[in-house]
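**Student:** Just so it is clear, I am handing over start-v5.cif, which has mmCIF, C-alpha atoms and all ligand atoms.
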data_work
#
loop_
_atom_site.label_atom_id
_atom_site.label_comp_id
_atom_site.auth_asym_id
_atom_site.auth_seq_id
_atom_site.Cartn_x
_atom_site.Cartn_y
_atom_site.Cartn_z
CA MET A 1 91.25 11.05 -24.08
CA ASN A 2 94.88 11.07 -25.06
CA ILE A 3 95.32 11.29 -28.85
CA ILE A 4 98.70 10.52 -30.39
CA ILE A 5 99.11 11.32 -34.09
CA SER A 6 102.15 9.76 -35.76
CA ASP A 7 103.74 10.84 -39.04
CA THR A 8 104.24 7.29 -40.23
CA GLU A 9 102.67 3.91 -39.73
CA LYS A 10 105.96 2.58 -38.39
CA ALA A 11 106.13 5.32 -35.75
CA LEU A 12 102.56 4.52 -34.71
CA ASP A 13 103.38 0.78 -34.42
CA ARG A 14 106.36 1.61 -32.22
CA LYS A 15 104.46 3.97 -29.93
CA ALA A 16 101.57 1.56 -29.44
CA ALA A 17 103.93 -1.36 -28.83
CA ASP A 18 105.97 0.72 -26.37
CA GLU A 19 102.83 1.56 -24.42
CA ILE A 20 102.05 -2.15 -24.05
CA ALA A 21 105.67 -3.11 -23.40
CA ASN A 22 106.02 -0.50 -20.65
CA HIS A 23 102.86 -1.78 -19.03
CA ILE A 24 104.14 -5.38 -19.15
CA ARG A 25 107.50 -4.31 -17.70
CA ARG A 26 105.77 -2.59 -14.78
CA HIS A 27 103.16 -5.34 -14.35
CA PRO A 28 104.53 -8.68 -15.60
CA ALA A 29 101.19 -10.44 -15.00
CA THR A 30 99.20 -7.99 -17.15
CA VAL A 31 95.88 -9.15 -18.60
CA LEU A 32 95.90 -7.99 -22.23
CA GLY A 33 92.88 -7.71 -24.50
CA LEU A 34 93.92 -8.20 -28.11
CA ALA A 35 92.51 -7.29 -31.50
CA THR A 36 92.90 -8.69 -34.98
CA GLY A 37 92.58 -7.12 -38.44
CA GLY A 38 95.22 -5.44 -40.56
CA THR A 39 95.78 -2.50 -38.21
CA PRO A 40 97.63 -4.13 -35.28
CA VAL A 41 99.93 -6.39 -37.36
CA GLY A 42 102.81 -3.89 -37.30
CA MET A 43 102.38 -3.31 -33.57
CA TYR A 44 102.60 -7.07 -32.98
CA LYS A 45 105.77 -7.20 -35.11
CA GLU A 46 107.24 -4.52 -32.91
CA LEU A 47 106.29 -6.41 -29.73
CA ILE A 48 108.00 -9.51 -31.16
CA ARG A 49 111.10 -7.41 -31.84
CA LEU A 50 111.06 -6.10 -28.27
CA HIS A 51 110.76 -9.68 -27.01
CA LYS A 52 113.75 -10.81 -29.10
CA ASP A 53 115.98 -7.74 -28.71
CA SER A 54 115.19 -6.55 -25.22
CA ASP A 55 113.79 -9.59 -23.43
CA LEU A 56 110.23 -8.32 -23.14
CA ASP A 57 108.75 -11.16 -21.10
CA PHE A 58 105.32 -12.57 -21.96
CA SER A 59 105.59 -15.59 -19.66
CA ARG A 60 103.20 -14.26 -17.03
CA ILE A 61 100.73 -12.36 -19.17
CA THR A 62 97.19 -13.54 -19.92
CA THR A 63 95.39 -12.59 -23.12
CA PHE A 64 91.76 -12.35 -24.21
CA ASN A 65 90.96 -11.80 -27.87
CA LEU A 66 88.01 -9.67 -28.85
CA ASP A 67 86.37 -12.02 -31.27
CA GLU A 68 86.32 -15.10 -33.48
CA TYR A 69 84.29 -16.20 -36.48
CA ILE A 70 81.69 -18.89 -35.91
CA GLY A 71 81.86 -21.99 -38.04
CA ILE A 72 85.51 -22.15 -39.04
CA ASP A 73 88.14 -24.31 -37.36
CA HIS A 74 91.03 -22.91 -35.37
CA ASP A 75 93.48 -24.04 -38.01
CA HIS A 76 91.53 -22.34 -40.83
CA PRO A 77 93.99 -19.72 -42.15
CA CYS A 78 91.36 -16.96 -41.77
CA SER A 79 90.45 -17.82 -38.19
CA TYR A 80 91.56 -15.36 -35.55
CA HIS A 81 93.21 -18.28 -33.72
CA ALA A 82 95.50 -18.73 -36.75
CA TYR A 83 96.00 -14.96 -37.06
CA MET A 84 97.13 -14.63 -33.45
CA ASP A 85 99.53 -17.58 -33.68
CA GLU A 86 101.06 -16.24 -36.87
CA ASN A 87 101.26 -12.59 -35.87
CA LEU A 88 102.24 -12.87 -32.20
CA PHE A 89 101.88 -16.01 -30.11
CA ASP A 90 104.25 -18.28 -32.08
CA HIS A 91 107.03 -15.72 -31.70
CA VAL A 92 106.96 -14.81 -27.99
CA ASN A 93 107.21 -16.74 -24.73
CA ILE A 94 103.53 -16.69 -23.85
CA SER A 95 102.12 -19.74 -22.04
CA LYS A 96 99.52 -21.38 -24.26
CA GLU A 97 97.24 -21.94 -21.25
CA ASN A 98 97.08 -18.17 -20.70
CA ILE A 99 95.66 -17.50 -24.17
CA ASN A 100 91.90 -17.01 -24.43
CA ILE A 101 90.17 -16.63 -27.79
CA PRO A 102 86.44 -17.28 -28.15
CA ASP A 103 85.93 -20.74 -29.62
CA GLY A 104 83.94 -20.21 -32.81
CA ALA A 105 84.10 -23.91 -33.65
CA THR A 106 82.11 -24.94 -30.57
CA ASP A 107 78.71 -26.68 -30.75
CA SER A 108 77.32 -24.29 -28.15
CA PRO A 109 78.38 -20.69 -28.86
CA GLU A 110 76.08 -19.28 -26.15
CA LYS A 111 77.81 -21.35 -23.47
CA GLU A 112 81.15 -20.29 -24.90
CA CYS A 113 80.14 -16.63 -24.47
CA GLU A 114 79.24 -17.22 -20.83
CA SER A 115 82.44 -19.04 -20.02
CA PHE A 116 84.51 -16.37 -21.81
CA GLU A 117 82.94 -13.65 -19.63
CA GLU A 118 83.48 -15.83 -16.56
CA LYS A 119 87.18 -16.28 -17.36
CA ILE A 120 87.67 -12.52 -17.70
CA LYS A 121 86.07 -12.04 -14.28
CA GLU A 122 88.20 -14.81 -12.72
CA VAL A 123 91.44 -13.03 -13.65
CA GLY A 124 90.16 -9.71 -12.30
CA GLY A 125 89.30 -8.05 -15.61
CA ILE A 126 91.32 -6.77 -18.55
CA ASP A 127 94.13 -4.34 -17.77
CA VAL A 128 94.91 -3.08 -21.28
CA GLN A 129 92.54 -3.61 -24.20
CA VAL A 130 93.75 -3.04 -27.77
CA LEU A 131 91.05 -2.06 -30.28
CA GLY A 132 90.90 -1.46 -34.00
CA ILE A 133 87.85 0.11 -35.60
CA GLY A 134 85.66 -0.95 -38.52
CA HIS A 135 84.63 1.54 -41.20
CA ASN A 136 81.14 1.55 -39.68
CA GLY A 137 82.54 2.17 -36.20
CA HIS A 138 82.43 -1.40 -34.98
CA ILE A 139 84.71 -2.46 -32.14
CA GLY A 140 85.37 -6.17 -31.84
CA PHE A 141 82.49 -7.38 -33.98
CA ASN A 142 79.95 -5.15 -32.23
CA GLU A 143 78.14 -3.74 -35.22
CA PRO A 144 76.10 -0.48 -35.27
CA GLY A 145 73.00 -0.82 -33.11
CA THR A 146 74.61 -3.10 -30.52
CA PRO A 147 73.48 -1.97 -27.05
CA PHE A 148 76.25 -0.43 -24.94
CA GLU A 149 75.22 -2.88 -22.17
CA SER A 150 76.10 -5.95 -24.28
CA THR A 151 78.36 -8.63 -22.88
CA THR A 152 80.12 -11.33 -24.93
CA SER A 153 77.62 -12.71 -27.40
CA VAL A 154 76.90 -14.23 -30.78
CA VAL A 155 76.66 -11.48 -33.38
CA GLU A 156 75.68 -11.29 -37.03
CA LEU A 157 78.13 -9.54 -39.33
CA THR A 158 76.86 -6.72 -41.53
CA GLN A 159 77.26 -6.87 -45.29
CA SER A 160 79.86 -4.06 -45.15
CA THR A 161 81.96 -5.94 -42.59
CA LYS A 162 81.77 -9.12 -44.67
CA GLU A 163 82.87 -7.12 -47.71
CA ALA A 164 85.75 -5.51 -45.80
CA ASN A 165 86.93 -8.86 -44.43
CA SER A 166 86.44 -10.78 -47.69
CA ARG A 167 89.96 -9.69 -48.69
CA TYR A 168 91.28 -12.47 -46.44
CA PHE A 169 88.96 -15.17 -47.86
CA ASP A 170 88.70 -16.71 -51.35
CA SER A 171 85.34 -15.02 -51.88
CA ILE A 172 82.71 -13.09 -49.93
CA ASP A 173 80.59 -16.24 -49.80
CA ASP A 174 83.28 -17.85 -47.66
CA VAL A 175 83.16 -15.12 -45.00
CA PRO A 176 81.29 -16.47 -41.96
CA THR A 177 77.96 -14.77 -41.29
CA HIS A 178 78.32 -14.83 -37.50
CA ALA A 179 80.97 -14.39 -34.85
CA ILE A 180 81.44 -14.42 -31.11
CA SER A 181 82.39 -10.96 -29.91
CA MET A 182 83.38 -9.55 -26.57
CA GLY A 183 80.55 -7.17 -25.60
CA ILE A 184 80.72 -3.39 -25.46
CA LYS A 185 80.19 -3.43 -21.70
CA THR A 186 82.98 -5.99 -21.37
CA ILE A 187 85.31 -3.79 -23.43
CA MET A 188 84.35 -0.72 -21.37
CA HIS A 189 85.31 -2.57 -18.17
CA ALA A 190 88.95 -2.73 -19.31
CA LYS A 191 91.07 -0.48 -17.11
CA LYS A 192 92.89 1.05 -20.07
CA ILE A 193 92.00 1.08 -23.77
CA LEU A 194 94.32 1.62 -26.73
CA LEU A 195 92.41 2.45 -29.92
CA ILE A 196 94.45 2.18 -33.10
CA ALA A 197 93.53 3.38 -36.60
CA LYS A 198 95.50 3.81 -39.79
CA GLY A 199 94.85 5.24 -43.22
CA GLU A 200 92.69 7.82 -44.92
CA ASP A 201 89.75 5.40 -45.13
CA LYS A 202 89.44 5.50 -41.33
CA ALA A 203 89.56 9.31 -41.02
CA GLU A 204 85.82 9.91 -41.22
CA ILE A 205 84.78 7.21 -38.77
CA MET A 206 87.53 8.23 -36.33
CA GLU A 207 86.25 11.79 -36.34
CA LYS A 208 82.69 10.55 -35.71
CA ALA A 209 83.79 8.10 -33.01
CA LEU A 210 85.86 10.58 -31.02
CA PHE A 211 84.01 13.83 -31.58
CA GLY A 212 80.51 12.93 -32.77
CA PRO A 213 77.42 12.04 -30.76
CA ILE A 214 77.72 9.08 -28.40
CA THR A 215 75.36 6.57 -29.96
CA PRO A 216 75.05 2.81 -30.49
CA GLU A 217 74.91 3.65 -34.21
CA VAL A 218 78.66 4.36 -33.91
CA PRO A 219 79.76 1.68 -31.43
CA ALA A 220 83.26 3.18 -30.93
CA SER A 221 81.69 6.47 -29.77
CA VAL A 222 81.08 4.77 -26.41
CA LEU A 223 84.82 5.15 -25.80
CA GLN A 224 84.23 8.86 -25.14
CA LEU A 225 82.73 7.69 -21.83
CA HIS A 226 85.79 5.66 -20.79
CA PRO A 227 88.19 7.35 -18.34
CA ASN A 228 91.44 5.94 -19.75
CA VAL A 229 91.67 5.78 -23.54
CA THR A 230 94.75 6.44 -25.63
CA VAL A 231 94.19 6.79 -29.37
CA PHE A 232 97.00 6.04 -31.81
CA VAL A 233 96.46 7.25 -35.37
CA ASP A 234 98.70 7.95 -38.32
CA LYS A 235 98.31 11.38 -39.88
CA GLU A 236 95.90 10.02 -42.51
CA ALA A 237 93.47 8.50 -39.98
CA GLY A 238 93.78 11.65 -37.87
CA SER A 239 93.32 14.04 -40.81
CA LYS A 240 89.78 15.09 -39.88
CA PHE A 241 90.47 15.92 -36.22
C1 LIG B 1 87.53 -6.72 -37.96
C2 LIG B 1 87.74 -7.08 -36.48
C3 LIG B 1 87.94 -5.85 -35.64
C4 LIG B 1 88.90 -4.92 -36.34
C5 LIG B 1 88.25 -4.38 -37.59
C6 LIG B 1 89.14 -3.49 -38.43
O1 LIG B 1 86.27 -7.03 -38.44
N1 LIG B 1 86.73 -7.88 -35.90
O2 LIG B 1 88.40 -6.22 -34.34
O3 LIG B 1 89.24 -3.85 -35.51
O4 LIG B 1 87.66 -5.38 -38.37
O5 LIG B 1 90.01 -4.23 -39.22
P1 LIG B 1 91.26 -3.62 -39.98
O6 LIG B 1 92.27 -3.34 -38.95
O7 LIG B 1 91.70 -4.72 -40.91
O8 LIG B 1 90.77 -2.42 -40.68
#
Using structure tokens, write down the structure from this file.
Ligand code: GLP
**Tutor:**
Amino acid sequence: MNIIISDTEKALDRKAADEIANHIRRHPATVLGLATGGTPVGMYKELIRLHKDSDLDFSRITTFNLDEYIGIDHDHPCSYHAYMDENLFDHVNISKENINIPDGATDSPEKECESFEEKIKEVGGIDVQVLGIGHNGHIGFNEPGTPFESTTSVVELTQSTKEANSRYFDSIDDVPTHAISMGIKTIMHAKKILLIAKGEDKAEIMEKALFGPITPEVPASVLQLHPNVTVFVDKEAGSKF
């Protein structure tokens, strides 16, 4: 595991964006796995800047997002569809038909999970998967206890995740109870993984995830078994290493 500790958040955003940009420059048809949450926003800003200032070309890339809430429309401001448009897709030259985000507004979430997995297989798998981490160690929305063998599925959010994500909603009662999440096995099949964490509040879980026992109770600990992971942390999130 390659661990890169940056002095500032800005430096971390730049390094993570550069890693993705360099991959896209070498492989213009890269299949990117993308994450949401507060952590990658700055990295996306940096990718947008690289697109505008140095012609970073998204026209041939394909993307798969990790997750989406069930039961809210794509145009709901808290949906991950809206998040991705606002934070990346509306500002780069990606082809809309190459964007894949689980459809949480569907009538048949189980079928949606199957077709999402199928689409990943059809394009030959994910080349570079970006991950954030929840305070309880979740990756995507794979909460503690999720089997490492899980593929894309319907998941129930824990109370702590609902509380953490309620900052984006009017109240905690508005946070959806379920989501569609890419599975842990699906994530582990990505050829390269970039795990990003910022802030003091992530220090403890990052230490557990990277150096603690490998257990479904800390979903991100599975990454210790992946052969190609680069971890980007600021000095706060890396303070317990
Ligand atoms: C959310 C997302 C995850 C994300 C995590 C951390 O629940 N489903 O993909 O990594 O929480 O979010 P943040 O970056 O805001 O701390």
**Student:** My list of candidates is A:Glu149, A:Glu9, A:Glu143, A:Glu236. Which is closest to Gly42 (chain A) when distances are computed with only C-alpha atoms?
**Tutor:** A:Glu9
**Student:** Compile the contact shell of Ala105 (chain A) as a VMD selection string: residues with an atom at most 7 Å away, counting only C-alpha atoms, same-chain residues fewer than 5 positions apart removed.
**Tutor:** chain A and resid 70 to 73
**Student:** Excluding Leu194 (chain A) and any residue of its chain fewer than 5 positions from it, enumerate the residues within 7 Å of it, using only C-alpha atoms, and give them as a ChimeraX atom specification.
**Tutor:** /A:129-131,229-231
**Student:** Quick one: distance from CA of Phe241 (chain A) to atom O4 of ligand LIG 1 (chain B) in Å, one decimal?
**Tutor:**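 About the pair CA of Phe241 (chain A) and atom O4 of ligand LIG 1 (chain B): they are 21.6 Å apart.
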**Student:** Please compute the CA of Asp55 (chain A)-CA of Asn228 (chain A) distance, one decimal, in Å.
**Tutor:**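 CA of Asn228 (chain A) lies at a distance of 27.5 Å from CA of Asp55 (chain A).
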**Student:** Show me which residues are within 7 Å of ligand LIG 1 (chain B) counting all atoms listed in the file, and format the list as a count of residues only.
**Tutor:** 17
**Student:** Between A:His138, A:Lys45, A:Arg25, A:Lys10, which has the minimum distance to Ile184 (chain A) (counting all atoms listed in the file)?
**Tutor:** A:His138
**Student:** Work out how far apart CA of Gly199 (chain A) and CA of Arg167 (chain A) are and give it in Å to one decimal.
**Tutor:**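 Those two atoms sit 16.6 Å apart.
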**Student:** Find the residue from A:Met182, A:Val233, A:Ile4, A:Ala21 that sits nearest to Glu118 (chain A); use only C-alpha atoms when measuring.
**Tutor:**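 Among the listed residues, A:Met182 lies closest to Glu118 (chain A).
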**Student:** Neighbouring residues of Ile126 (chain A) were defined as those with any atom within 7 Å, considering only C-alpha atoms; residues of the same chain fewer than 3 positions away were excluded. Please report them as an MDAnalysis selection string.
**Tutor:** chainID A and resid 31:33 120 129 190:191
**Student:** Closest to Glu114 (chain A) among A:Thr186, A:Ser54, A:Asn136, A:Thr62, using only C-alpha atoms?
**Tutor:**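 Checking each of A:Thr186, A:Ser54, A:Asn136, A:Thr62 against Glu114 (chain A), counting only C-alpha atoms, the winner is A:Thr186.
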**Student:** List the neighbours of Val41 (chain A) out to 12 Å using only C-alpha atoms; skip same-chain residues closer than 6 positions along the sequence, and give me the result as a list in words.
**Tutor:**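 Listed by chain and then number, they are Glu9, Lys10, Leu12, Asp13, Arg14, Ala16, Ala17, Leu34, Ala35, Leu47, Ile48, Tyr83, Met84, Asp85, Glu86, Asn87, Leu88, Val130, Gly132, Ile196, Ala197 and Lys198 of chain A.
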**Student:** Pick the closest to Glu112 (chain A) from A:Asp234, A:Asp75, A:Glu68, A:Asp90: which is it, counting all atoms listed in the file?
**Tutor:** A:Glu68
**Student:** Quick one: of A:Val92, A:Ser153, A:Glu117, A:Met188, who's nearest to Lys52 (chain A), counting all atoms listed in the file?
**Tutor:**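 Using all atoms listed in the file, the shortest distance to Lys52 (chain A) belongs to A:Val92.
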